[in-house]
Amino acid sequence: MGLHPAGSTDTGVEEHRPDTSCNVVIFGEAGAGKSSLINLIARTTMAQTSHDARGCTTETNGYDIMIQDNTLKVKLFDTAGLDEGPRGAVPDEEARRLVKNLLRTLMDQGGIHLVMYCVRGERAISALRRNYEFIHSQVTKQVPIVLVVTGLENYEPDMEEWWRVNERSLGMSFAGHACVTTAPDKNPGSHLAERRNQSYDAICSLIKQSMTKRKKVVLFGQTGAGKSSLINLMAGKDVAVTSNDAKRHTMHSAEYDIEFGGDSYKVFDTIGLEEPQPGLSQYLKTVKNVYKLIRNLERQGGIDLFLFCMPGGRLTATVENNYRLFHEFLCKKKAPVVVAITHLEEEEGAMEAWWERHKETFLTQDDGAAGHACIITADRHGKYPDLYEESRVTIHKLVKECSANGQNQARVGENKGRKLKELFARTLHARTDIIIRLMSYGMSRDVAARLVDIIDAKELLGSRCICTS
């Protein structure tokens with residue numbers, strides 16, 4: 001391990017080092033504890049620190065460090081502190097220039113695996129947003145940004161309490177977080193030493209997660225479709241709580257880390273979507289929550305797959321309209337959409353027969369479904385063990401193949417009808433046209449209008465919503 005001072009380019013990057021496994025950029029305001037964080041990760045004093053709120057890092061420095069029993073080599077880039085005045089160690093304007101140059105150089109040479117936004121726990125939340133917006137504008141969506149909160153050595157009952165208290169008021173999206181202390185301690189077995197060890201493990205976990213790209217799958221469908229059971233089927237074990245009745249069980253979006261076929265996935269289970277009436281307020285709230293989830297995931301690097309879960313049997317108007325709402329209105333070609341048809345235990349002949357009877361419904365939509373799986377998701381009494389295992393193989397194959405290459409995957413039927421795109425492109429009467437389109441999903445005009453109003457108009461009318469050829 002050794003210090004690599006800033007080179008003549010003043011970015012701290014002499015040249016791309018092919019033996020470096022992971023590039024991690026640490027940034028934040030002066031006095032946030034970035035240099036102390038370097039020393040915590042290195043488990044020795046490598047970076048110069050100060051005991052006051054002024055910055056001590058005057059240039060970009062790179063440190064090669066082996067973490068967690070020498071299992072992963074990382075290069076940490078310590079940057080000059082932001083928000084210092086003209087008399088500070090590095091004035092704010094110059095510090096931002098240094099950070100921009102570093103990020104540009106790393107992205108040109110070998111990429112950035114992780115950005116750590118280092119903040120002190122006692123800082124007001126509103127003071128953190130300016131620097132977050134700055135760094136967010138400098139990196140691509142594929143670069144995860146995580147929050148590291150320092151100065152929590154005395155936070156009670158535990159350091160993670162800071163996140164529990166402040167998460168909802170942040171107003172910022174992060175790919176992960178760690179609540180830590182970087183305060184030095186030379187007394188093994190002390191309370192501070194224990195918290196330092198917890199902090200080290202939390203930081204190493206963030207770094208390792210950035211090296212393991214988890215594909216993001218958003219699961220949606222009506223209550224009782226078997227979404228939670230589908231998650232357990234994919235995971236090969238019970239990780240999601242399920243219910244035996246048709247009552248709403250998932251009350252908010254939940255996420256699950258699942259691995260199969262040599263790949264890692266983060267699956268997001270959403271609230272079951274019902275008919276607009278009579279529960280209009282809950283219906284609008286559900287759509288808004290799913291919309292916010294999709295937007296947040298877009299900011300964090302994008303979505304690899306949308307998975308629509310629906311029960312077999314008779315294809316109802318509610319199911320069909322919910323599929324169209326998600327496929328044409330919320331997903332908008334951000335990722336492939338596939339269909340999982342569940343509850344096919346009693347299907348005569350092969351489960352695939354259901355799809356043959358109904359496939360035109362899903363293939364005639366704009367761009368159509370990218371794939372499907374006819375399955376069962378539960379076999380509590382062991383009556384259908386063969387169908388259950390067949391279903392696991394089928395859903396694994398579908399998710400693996402259709403999430404390949406993430407958002408770069410070619411969409412099915414890319415040259416088909418462009419109805420919704422054309423509606424978004426006409427800004428003069430776009431709101432009215434969108435309402436009319438939503439009414440074709442079986443909504444009343446009032447429901448359609450209220451749905452448009454709760455979703456950001458910029459998203460509906462802006463260029464980001466228009467999928468170009």
# chains A, B, ... in the order shown; residues from 1 in each chain; ligands from 1
>>> select_by_dssp(residues="segment 86-219 of chain A", states="alpha helix (DSSP H)", output="ChimeraX atom specification")
/A:92-109,129-138,161-166,191-211
>>> residues_around(residues="Leu307 of chain A", least_positions_apart="4", cutoff="6 Å", atoms="only C-alpha atoms", output="compact mmCIF listing (two decimals) with N, CA, C and O atoms, in the first residue's frame")
# COMPACT_ATOMS: atom_id res chain seq x y z
N LEU A 219 -41.31 -5.59 -9.96
CA LEU A 219 -42.42 -6.54 -10.04
C LEU A 219 -43.72 -5.80 -9.75
O LEU A 219 -43.82 -5.08 -8.76
N VAL A 337 -40.51 -5.35 -20.74
CA VAL A 337 -41.61 -5.78 -19.88
C VAL A 337 -41.94 -7.23 -20.22
O VAL A 337 -42.17 -7.57 -21.38
N VAL A 338 -41.95 -8.09 -19.20
CA VAL A 338 -42.30 -9.49 -19.40
C VAL A 338 -43.49 -9.84 -18.50
O VAL A 338 -43.80 -9.12 -17.54
N VAL A 339 -44.16 -10.94 -18.81
CA VAL A 339 -45.38 -11.32 -18.12
C VAL A 339 -45.20 -12.68 -17.46
O VAL A 339 -44.73 -13.63 -18.11
>>> atom_distance(atom1="atom CA of Asp386 of chain A", atom2="atom CA of Glu255 of chain A")
28.3 Å
>>> residues_around(residues="Glu348 of chain A", least_positions_apart="5", cutoff="12 Å", atoms="only C-alpha atoms", output="number ranges by chain")
A: 313, 353-354
>>> closest_residue(among="A:Ile436, A:Ile41, A:Val241, A:Met116", to="Ser229 of chain A", atoms="only C-alpha atoms")
A:Val241
>>> decode(residues="segment 308-358 of chain A", atoms="N, CA and C atoms", output="PDB file, in the first residue's frame")
ATOM      1  N   PHE A 308     -44.475  -8.187 -14.954  1.00  0.00           N
ATOM      2  CA  PHE A 308     -45.899  -8.067 -14.659  1.00  0.00           C
ATOM      3  C   PHE A 308     -46.431  -9.424 -14.244  1.00  0.00           C
ATOM      4  N   CYS A 309     -46.924  -9.517 -13.009  1.00  0.00           N
ATOM      5  CA  CYS A 309     -47.428 -10.779 -12.451  1.00  0.00           C
ATOM      6  C   CYS A 309     -48.956 -10.742 -12.439  1.00  0.00           C
ATOM      7  N   MET A 310     -49.575 -11.768 -12.993  1.00  0.00           N
ATOM      8  CA  MET A 310     -51.029 -11.807 -13.075  1.00  0.00           C
ATOM      9  C   MET A 310     -51.521 -13.239 -12.896  1.00  0.00           C
ATOM     10  N   PRO A 311     -52.707 -13.423 -12.332  1.00  0.00           N
ATOM     11  CA  PRO A 311     -53.233 -14.781 -12.159  1.00  0.00           C
ATOM     12  C   PRO A 311     -53.791 -15.324 -13.458  1.00  0.00           C
ATOM     13  N   GLY A 312     -53.683 -16.636 -13.650  1.00  0.00           N
ATOM     14  CA  GLY A 312     -54.271 -17.276 -14.815  1.00  0.00           C
ATOM     15  C   GLY A 312     -55.781 -17.338 -14.678  1.00  0.00           C
ATOM     16  N   GLY A 313     -56.385 -18.083 -15.548  1.00  0.00           N
ATOM     17  CA  GLY A 313     -57.839 -18.124 -15.559  1.00  0.00           C
ATOM     18  C   GLY A 313     -58.370 -17.123 -16.563  1.00  0.00           C
ATOM     19  N   ARG A 314     -59.549 -16.570 -16.281  1.00  0.00           N
ATOM     20  CA  ARG A 314     -60.158 -15.622 -17.209  1.00  0.00           C
ATOM     21  C   ARG A 314     -59.399 -14.306 -17.200  1.00  0.00           C
ATOM     22  N   LEU A 315     -59.143 -13.768 -18.374  1.00  0.00           N
ATOM     23  CA  LEU A 315     -58.429 -12.499 -18.500  1.00  0.00           C
ATOM     24  C   LEU A 315     -59.428 -11.358 -18.320  1.00  0.00           C
ATOM     25  N   THR A 316     -59.375 -10.689 -17.158  1.00  0.00           N
ATOM     26  CA  THR A 316     -60.341  -9.646 -16.847  1.00  0.00           C
ATOM     27  C   THR A 316     -59.919  -8.300 -17.414  1.00  0.00           C
ATOM     28  N   ALA A 317     -60.884  -7.395 -17.499  1.00  0.00           N
ATOM     29  CA  ALA A 317     -60.597  -6.043 -17.984  1.00  0.00           C
ATOM     30  C   ALA A 317     -59.646  -5.325 -17.036  1.00  0.00           C
ATOM     31  N   THR A 318     -59.764  -5.570 -15.727  1.00  0.00           N
ATOM     32  CA  THR A 318     -58.879  -4.921 -14.755  1.00  0.00           C
ATOM     33  C   THR A 318     -57.431  -5.322 -14.984  1.00  0.00           C
ATOM     34  N   VAL A 319     -57.193  -6.623 -15.180  1.00  0.00           N
ATOM     35  CA  VAL A 319     -55.836  -7.106 -15.426  1.00  0.00           C
ATOM     36  C   VAL A 319     -55.279  -6.489 -16.703  1.00  0.00           C
ATOM     37  N   GLU A 320     -56.089  -6.511 -17.762  1.00  0.00           N
ATOM     38  CA  GLU A 320     -55.625  -5.982 -19.042  1.00  0.00           C
ATOM     39  C   GLU A 320     -55.322  -4.486 -18.947  1.00  0.00           C
ATOM     40  N   ASN A 321     -56.174  -3.724 -18.273  1.00  0.00           N
ATOM     41  CA  ASN A 321     -55.970  -2.286 -18.159  1.00  0.00           C
ATOM     42  C   ASN A 321     -54.769  -1.956 -17.279  1.00  0.00           C
ATOM     43  N   ASN A 322     -54.569  -2.734 -16.207  1.00  0.00           N
ATOM     44  CA  ASN A 322     -53.389  -2.525 -15.368  1.00  0.00           C
ATOM     45  C   ASN A 322     -52.108  -2.785 -16.146  1.00  0.00           C
ATOM     46  N   TYR A 323     -52.121  -3.820 -16.975  1.00  0.00           N
ATOM     47  CA  TYR A 323     -50.950  -4.110 -17.801  1.00  0.00           C
ATOM     48  C   TYR A 323     -50.669  -2.950 -18.747  1.00  0.00           C
ATOM     49  N   ARG A 324     -51.699  -2.422 -19.385  1.00  0.00           N
ATOM     50  CA  ARG A 324     -51.503  -1.326 -20.323  1.00  0.00           C
ATOM     51  C   ARG A 324     -51.012  -0.081 -19.597  1.00  0.00           C
ATOM     52  N   LEU A 325     -51.547   0.174 -18.390  1.00  0.00           N
ATOM     53  CA  LEU A 325     -51.124   1.341 -17.623  1.00  0.00           C
ATOM     54  C   LEU A 325     -49.627   1.301 -17.351  1.00  0.00           C
ATOM     55  N   PHE A 326     -49.151   0.152 -16.898  1.00  0.00           N
ATOM     56  CA  PHE A 326     -47.730   0.033 -16.601  1.00  0.00           C
ATOM     57  C   PHE A 326     -46.900   0.015 -17.873  1.00  0.00           C
ATOM     58  N   HIS A 327     -47.321  -0.791 -18.830  1.00  0.00           N
ATOM     59  CA  HIS A 327     -46.500  -0.994 -20.026  1.00  0.00           C
ATOM     60  C   HIS A 327     -46.359   0.284 -20.844  1.00  0.00           C
ATOM     61  N   GLU A 328     -47.466   0.988 -21.063  1.00  0.00           N
ATOM     62  CA  GLU A 328     -47.448   2.131 -21.969  1.00  0.00           C
ATOM     63  C   GLU A 328     -47.241   3.462 -21.254  1.00  0.00           C
ATOM     64  N   PHE A 329     -47.635   3.543 -19.974  1.00  0.00           N
ATOM     65  CA  PHE A 329     -47.646   4.833 -19.295  1.00  0.00           C
ATOM     66  C   PHE A 329     -46.500   4.991 -18.308  1.00  0.00           C
ATOM     67  N   LEU A 330     -46.232   3.987 -17.488  1.00  0.00           N
ATOM     68  CA  LEU A 330     -45.199   4.110 -16.457  1.00  0.00           C
ATOM     69  C   LEU A 330     -43.841   3.591 -16.911  1.00  0.00           C
ATOM     70  N   CYS A 331     -43.825   2.456 -17.597  1.00  0.00           N
ATOM     71  CA  CYS A 331     -42.537   1.865 -17.998  1.00  0.00           C
ATOM     72  C   CYS A 331     -41.916   2.638 -19.165  1.00  0.00           C
ATOM     73  N   LYS A 332     -42.715   2.986 -20.154  1.00  0.00           N
ATOM     74  CA  LYS A 332     -42.291   3.817 -21.283  1.00  0.00           C
ATOM     75  C   LYS A 332     -40.924   3.431 -21.852  1.00  0.00           C
ATOM     76  N   LYS A 333     -40.732   2.144 -22.098  1.00  0.00           N
ATOM     77  CA  LYS A 333     -39.530   1.654 -22.781  1.00  0.00           C
ATOM     78  C   LYS A 333     -38.243   1.893 -21.997  1.00  0.00           C
ATOM     79  N   LYS A 334     -38.358   2.098 -20.678  1.00  0.00           N
ATOM     80  CA  LYS A 334     -37.155   2.211 -19.861  1.00  0.00           C
ATOM     81  C   LYS A 334     -36.444   0.864 -19.759  1.00  0.00           C
ATOM     82  N   ALA A 335     -37.190  -0.225 -19.927  1.00  0.00           N
ATOM     83  CA  ALA A 335     -36.635  -1.580 -19.848  1.00  0.00           C
ATOM     84  C   ALA A 335     -37.671  -2.533 -20.444  1.00  0.00           C
ATOM     85  N   PRO A 336     -37.264  -3.759 -20.794  1.00  0.00           N
ATOM     86  CA  PRO A 336     -38.236  -4.730 -21.306  1.00  0.00           C
ATOM     87  C   PRO A 336     -39.319  -5.044 -20.276  1.00  0.00           C
ATOM     88  N   VAL A 337     -40.507  -5.354 -20.743  1.00  0.00           N
ATOM     89  CA  VAL A 337     -41.614  -5.777 -19.883  1.00  0.00           C
ATOM     90  C   VAL A 337     -41.940  -7.227 -20.217  1.00  0.00           C
ATOM     91  N   VAL A 338     -41.952  -8.094 -19.203  1.00  0.00           N
ATOM     92  CA  VAL A 338     -42.304  -9.494 -19.399  1.00  0.00           C
ATOM     93  C   VAL A 338     -43.493  -9.838 -18.503  1.00  0.00           C
ATOM     94  N   VAL A 339     -44.155 -10.937 -18.810  1.00  0.00           N
ATOM     95  CA  VAL A 339     -45.381 -11.320 -18.116  1.00  0.00           C
ATOM     96  C   VAL A 339     -45.197 -12.683 -17.460  1.00  0.00           C
ATOM     97  N   ALA A 340     -45.572 -12.776 -16.176  1.00  0.00           N
ATOM     98  CA  ALA A 340     -45.583 -14.059 -15.470  1.00  0.00           C
ATOM     99  C   ALA A 340     -47.029 -14.390 -15.127  1.00  0.00           C
ATOM    100  N   ILE A 341     -47.557 -15.480 -15.679  1.00  0.00           N
ATOM    101  CA  ILE A 341     -48.938 -15.898 -15.423  1.00  0.00           C
ATOM    102  C   ILE A 341     -48.916 -16.992 -14.372  1.00  0.00           C
ATOM    103  N   THR A 342     -49.574 -16.756 -13.236  1.00  0.00           N
ATOM    104  CA  THR A 342     -49.507 -17.661 -12.086  1.00  0.00           C
ATOM    105  C   THR A 342     -50.822 -18.416 -11.895  1.00  0.00           C
ATOM    106  N   HIS A 343     -50.839 -19.279 -10.848  1.00  0.00           N
ATOM    107  CA  HIS A 343     -52.045 -20.032 -10.465  1.00  0.00           C
ATOM    108  C   HIS A 343     -52.526 -20.937 -11.592  1.00  0.00           C
ATOM    109  N   LEU A 344     -51.616 -21.615 -12.266  1.00  0.00           N
ATOM    110  CA  LEU A 344     -51.987 -22.477 -13.391  1.00  0.00           C
ATOM    111  C   LEU A 344     -51.959 -23.962 -13.015  1.00  0.00           C
ATOM    112  N   GLU A 345     -52.172 -24.234 -11.714  1.00  0.00           N
ATOM    113  CA  GLU A 345     -52.155 -25.630 -11.265  1.00  0.00           C
ATOM    114  C   GLU A 345     -53.210 -26.483 -11.967  1.00  0.00           C
ATOM    115  N   GLU A 346     -54.346 -25.875 -12.241  1.00  0.00           N
ATOM    116  CA  GLU A 346     -55.465 -26.632 -12.805  1.00  0.00           C
ATOM    117  C   GLU A 346     -55.578 -26.493 -14.313  1.00  0.00           C
ATOM    118  N   GLU A 347     -54.593 -25.871 -14.949  1.00  0.00           N
ATOM    119  CA  GLU A 347     -54.625 -25.709 -16.404  1.00  0.00           C
ATOM    120  C   GLU A 347     -54.591 -27.090 -17.072  1.00  0.00           C
ATOM    121  N   GLU A 348     -55.518 -27.320 -17.989  1.00  0.00           N
ATOM    122  CA  GLU A 348     -55.549 -28.601 -18.683  1.00  0.00           C
ATOM    123  C   GLU A 348     -54.382 -28.694 -19.651  1.00  0.00           C
ATOM    124  N   GLY A 349     -53.685 -29.798 -19.601  1.00  0.00           N
ATOM    125  CA  GLY A 349     -52.511 -29.966 -20.454  1.00  0.00           C
ATOM    126  C   GLY A 349     -51.346 -29.147 -19.918  1.00  0.00           C
ATOM    127  N   ALA A 350     -50.497 -28.687 -20.802  1.00  0.00           N
ATOM    128  CA  ALA A 350     -49.328 -27.907 -20.397  1.00  0.00           C
ATOM    129  C   ALA A 350     -49.761 -26.509 -19.963  1.00  0.00           C
ATOM    130  N   MET A 351     -49.022 -25.934 -18.996  1.00  0.00           N
ATOM    131  CA  MET A 351     -49.337 -24.589 -18.520  1.00  0.00           C
ATOM    132  C   MET A 351     -49.250 -23.568 -19.651  1.00  0.00           C
ATOM    133  N   GLU A 352     -48.397 -23.839 -20.625  1.00  0.00           N
ATOM    134  CA  GLU A 352     -48.183 -22.931 -21.749  1.00  0.00           C
ATOM    135  C   GLU A 352     -49.458 -22.732 -22.570  1.00  0.00           C
ATOM    136  N   ALA A 353     -50.431 -23.613 -22.419  1.00  0.00           N
ATOM    137  CA  ALA A 353     -51.675 -23.500 -23.183  1.00  0.00           C
ATOM    138  C   ALA A 353     -52.394 -22.191 -22.882  1.00  0.00           C
ATOM    139  N   TRP A 354     -52.244 -21.690 -21.641  1.00  0.00           N
ATOM    140  CA  TRP A 354     -52.900 -20.427 -21.298  1.00  0.00           C
ATOM    141  C   TRP A 354     -52.398 -19.302 -22.210  1.00  0.00           C
ATOM    142  N   TRP A 355     -51.098 -19.261 -22.414  1.00  0.00           N
ATOM    143  CA  TRP A 355     -50.520 -18.201 -23.243  1.00  0.00           C
ATOM    144  C   TRP A 355     -51.000 -18.294 -24.689  1.00  0.00           C
ATOM    145  N   GLU A 356     -51.110 -19.479 -25.196  1.00  0.00           N
ATOM    146  CA  GLU A 356     -51.551 -19.646 -26.574  1.00  0.00           C
ATOM    147  C   GLU A 356     -52.956 -19.090 -26.776  1.00  0.00           C
ATOM    148  N   ARG A 357     -53.794 -19.161 -25.736  1.00  0.00           N
ATOM    149  CA  ARG A 357     -55.156 -18.652 -25.852  1.00  0.00           C
ATOM    150  C   ARG A 357     -55.228 -17.121 -25.744  1.00  0.00           C
ATOM    151  N   HIS A 358     -54.263 -16.517 -25.029  1.00  0.00           N
ATOM    152  CA  HIS A 358     -54.400 -15.093 -24.703  1.00  0.00           C
ATOM    153  C   HIS A 358     -53.258 -14.213 -25.200  1.00  0.00           C
TER     154      HIS A 358
END
